[in-house]
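**Student:** One structure, pasted below without further comment.
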2 protein chains.
Amino acid sequence: MKPVRLAILGLGTVGGGALKLLQENATEIRRRTGREIQITYVGTRRPRPDLDLDPSIKQSSDLLDIVRQPDVDVVVEVMGGIHPAYEIIMEAIKHGKQVVTANKALLAEHGNELFKAADDHHVQIAYEAAVAGGIPIIKVIREGLAANKIEWLAGIINGTGNFILTEMREKGRAFADVLKEAQELGYAEADPTFDVEGIDAAHKLTILASCAFGIPLQFDKVYTEGISKITAQDVAYAEDLGYRIKHLGIARRSAKGIELRVHPTLIPEEKLIANVNGVKNAVLVQSNAVGSTLYYGAGAGAGPTASAVVADVIDIVRDIIYTEDGAGTIPQLAFEALADTPILTSEEMTTGYYIRLNAEDQTGVLADVTTILSRAGIGIDAIMQQPRLKDLIPIVILTDPVVESKMNDALSQIQALPAIHGEIIRIRLELLEN
Amino acid sequence: MKPVRLAILGLGTVGGGALKLLQENATEIRRRTGREIQITYVGTRRPRPDLDLDPSIKQSSDLLDIVRQPDVDVVVEVMGGIHPAYEIIMEAIKHGKQVVTANKALLAEHGNELFKAADDHHVQIAYEAAVAGGIPIIKVIREGLAANKIEWLAGIINGTGNFILTEMREKGRAFADVLKEAQELGYAEADPTFDVEGIDAAHKLTILASCAFGIPLQFDKVYTEGISKITAQDVAYAEDLGYRIKHLGIARRSAKGIELRVHPTLIPEEKLIANVNGVKNAVLVQSNAVGSTLYYGAGAGAGPTASAVVADVIDIVRDIIYTEDGAGTIPQLAFEALADTPILTSEEMTTGYYIRLNAEDQTGVLADVTTILSRAGIGIDAIMQQPRLKDLIPIVILTDPVVESKMNDALSQIQALPAIHGEIIRIRLELLEN
């Protein structure tokens, strides 16, 4: 079977990330699609003789020429900017290429023309990466929630802004001070206007609203207000009243029409979205059948954005397979080839533990217990002695992750200690870290 | 264009919900697909002459006969139970019908045979509704995260169990006591074993793990532990240590194999998933490119489950359109027909407000301000007077939602009061309720 051939245009953070991801996860992606994805071209606006690419990849700075080549099925536009991205995508469409783009500004401002051209030429422009990075929110709204009438959505869709507001709240810092740090950390651009004045969020909201309500892209009608006037004083007062200030993009249907707005917003602190902190993104969607659903994750960065770009490529590959082979678009259990990876028994599983013992108030029992754990190589993360209950002292121990068979052995020994009464309680513990 | 014709088998909570949703959202769904979805049959195991169905819908209790009919393209199996659902789906597959099912037990225990039969007959079995109700988690894992190597996932995938643990923590109640209430509220079955002993969660975890790792369904290898032994004492001790106890389904890849386990788990209270309360579901997925993403929403109920069932139907309709017309599977902006709904100006938008004024410490200023708001018909939700700052007293007012033009008028009047100094700060406020 023929491989599906990609041209990647732009080799900055996102393009470089996509290239790396396609190589690193090639085996897993091949298992999912059953078809090879081959990068035939990499295009950069300026010649980049320094790039150490695989010799099978052709390299060029004539981007218009790349998208006309017969050995390109899919054009991945990750250059950013309106021009020449617009002209290059138009040229790709005219040559019957499928297009994947992460370019939110281009779509929000010129998407209507681009999508019309794509329809006319029977190709797709896929754009999952344009909104909320690695969160598959476009797929969720276009497909996952397709049975619903969407009533409104509210999203933290600019990580820089959320980082600034989080720091202001948690540390009582001033806007300008945090912005400077964000620039040093590389979260904010040297010219931070797009992020802090809400223009980037307005681009993304424009796209989300069109998918949610089925309306043309209308970036010029988004009411946009940034966070630069938010003071530490207002952040603190809001907190006193039980609210947090988040920079939200909101799209809402009302009887009179549709509201499209980006502005700082007080929201009740107990809402899950109020607890989305730092550079993370989240989108809350209110729909008439499913009710509230929320989607959370990284909104920017090489890995997350590449995840969305390559997911779009995989969708296109699956459509190509469907067209050519008539097979179902997506394998039933997500992979073309299932693996016979062994499933571990519970004795072989690794987790942390919460252990509760009831001990007589006897010198030495804690030493005996910790010695048994230590000899078994089980790390202790916390020990807490609780007030006496019915002549016995509850002792709670949290452990580091350990293979269950080791824990079983240690607990048998502890259970056998004369000072331990009743059954030892154990509950597993997970930090849910990477 | 021919309508796509459905048979709905089972008219309980989910089947009734799907029927209602297809009718209620018919216009919106038609806008999304451009194709009519027509219900040709409703099947119930026992004759139901009491049902008041549209006369165009044929009604029968011979389910095997329904799935053989030529005027059925898609069979929606929402009866539940292993038999006769298995035999009916097999018969539908043999007759070339596409299948949509919400039946997690059937798939977890017999999915391997069913999917093989579907592949052999070139049809699909769609099953979004089988896991986490209205959250489109199957689509996210099969498609949205397809570029990633998924490392682990952890889900609150049984609403009854999460309701019980939430009540135990928030109110210090005992397990048996909350279970009884859950049964009275209709969250838990008369025989609660499937929910509280983790069998329902194990069914769902089996399906999630297969999609995440590309392994056959292996329900019999899931380590399953329920919540019936969790005591209020352990819930409280865990909280003292900064943890919450959640009933999680966890699937993790390790060097030795795959862990599949359902058990009560201590997790750090600051994690977003630790704050998923009541009957809500959430799935946290750790992947190598995008990192952590989380998906939250209602895991059960007529509307949410029907949302997933009908989304699967729409996917199939879009595949049929793609096959017949060669058009893109999904319209670029999610809808075949875009609407010209007006976009409101900011003056026409409705939100709550946080208002901060700096007032001289003068009798009557609060009365003047509240009188202006009251005359404008603006409801006040909270007023907070802050400690004096530089001779002025900051006054914070939270208002009910109001059209912005009214607020603009009221604020002009307030700004003109002689006791008000400096610019009035206003930040919008949203409760993010339905």
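Just remember, in the structure tokens the first chain shown is A, the second B, etc., residues are 1-based per chain, and ligands are 1-based in the order shown.
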Could you list, with a cut-off of 6 Å and counting only C-alpha atoms, the residues of chain B near chain A, each shown with its nearest atom pair and the distance in Å rounded to one decimal, rows sorted by chain and ascending number, as a tab-separated table?

**Tutor:**
residue	atom	partner	partner_atom	distance
B:Gly134	CA	A:Val290	CA	5.4
B:Pro136	CA	A:Gly144	CA	5.3
B:Arg142	CA	A:Ala334	CA	4.7
B:Gly144	CA	A:Pro136	CA	5.2
B:Ala146	CA	A:Ala311	CA	5.5
B:Ala147	CA	A:Ala311	CA	5.2
B:Cys211	CA	A:Leu333	CA	4.9
B:Gly214	CA	A:Leu338	CA	4.8
B:Ile215	CA	A:Leu338	CA	4.8
B:Gly257	CA	A:Pro342	CA	5.0
B:Ile258	CA	A:Ile343	CA	4.7
B:Glu259	CA	A:Leu344	CA	5.4
B:Thr265	CA	A:Arg428	CA	4.9
B:Leu266	CA	A:Leu429	CA	4.4
B:Ile267	CA	A:Glu430	CA	5.5
B:Ala289	CA	A:Gly303	CA	4.6
B:Val290	CA	A:Pro304	CA	3.9
B:Ser292	CA	A:Gly297	CA	6.0
B:Thr293	CA	A:Gly297	CA	4.3
B:Leu294	CA	A:Tyr296	CA	4.9
B:Tyr295	CA	A:Tyr295	CA	4.9
B:Tyr296	CA	A:Leu294	CA	4.9
B:Gly297	CA	A:Thr293	CA	4.3
B:Gly303	CA	A:Ala289	CA	4.6
B:Pro304	CA	A:Val290	CA	3.9
B:Ser307	CA	A:Ala147	CA	5.5
B:Val310	CA	A:Ala147	CA	5.5
B:Ala311	CA	A:Ala147	CA	5.2
B:Leu333	CA	A:Cys211	CA	4.9
B:Ala334	CA	A:Arg142	CA	4.7
B:Phe335	CA	A:Gly214	CA	5.3
B:Leu338	CA	A:Gly214	CA	4.8
B:Ala339	CA	A:Ile215	CA	5.0
B:Thr341	CA	A:Gly257	CA	5.9
B:Pro342	CA	A:Gly257	CA	5.0
B:Ile343	CA	A:Ile258	CA	4.7
B:Leu344	CA	A:Glu259	CA	5.4
B:Arg428	CA	A:Thr265	CA	5.0
B:Leu429	CA	A:Leu266	CA	4.4
B:Glu430	CA	A:Ile267	CA	5.5
B:Leu431	CA	A:Ile267	CA	5.7

**Student:** Quick one: everything within 8 Å of Met90 of chain B, counting only C-alpha atoms, minus sequence neighbours fewer than 4 positions away in the same chain. Send it as a list of chain:residue names.

**Tutor:**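 In the requested format, the answer is B:Tyr86, B:Lys94, B:Leu114, B:Ala117.
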
**Student:** Given only C-alpha atoms as the basis, pick out the residue of A:Glu109, A:Val196, A:Thr231, A:Gly10 nearest to Phe219 of chain A.

**Tutor:**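 The shortest atom-to-atom distance to Phe219 of chain A comes from A:Glu109.
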
**Student:** How would you write, as a PyMOL selection string, the set of residues in segment 4-189 of chain A that DSSP gives as strand (DSSP E)?

**Tutor:** chain A and resi 4-9+37-43+58-60+74-77+98-101+125-126+150-156

**Student:** In Å, how far is it from atom CA of Leu417 of chain A to atom CA of Asp361 of chain A?

**Tutor:**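 According to the coordinates, atom CA of Leu417 of chain A and atom CA of Asp361 of chain A are separated by 13.2 Å.
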
**Student:** From the options A:Leu411, A:Asp195, A:Val402, A:Gln59, which residue's atoms come nearest to Asp368 of chain A, counting only C-alpha atoms?

**Tutor:** A:Leu411

**Student:** So that I can see what lies close to Gly198 of chain A, please list as a list in words the residues with an atom at most 9 Å from it, counting only C-alpha atoms and leaving out residues fewer than 4 positions away in the same chain.

**Tutor:**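 In the requested form, the answer reads Asn158, Gly161, Thr193, Phe194, Ala202, His203, Thr224, Glu225, Gly226, Ile227, His247, Gly249, Val262 and His263 of chain A.
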
**Student:** My list of candidates is A:Ala102, A:Ala190, A:Ala255, A:Ala274. Which is closest to Lys204 of chain A when distances are computed with only C-alpha atoms?

**Tutor:**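 Under the stated criterion, the closest residue is A:Ala102.
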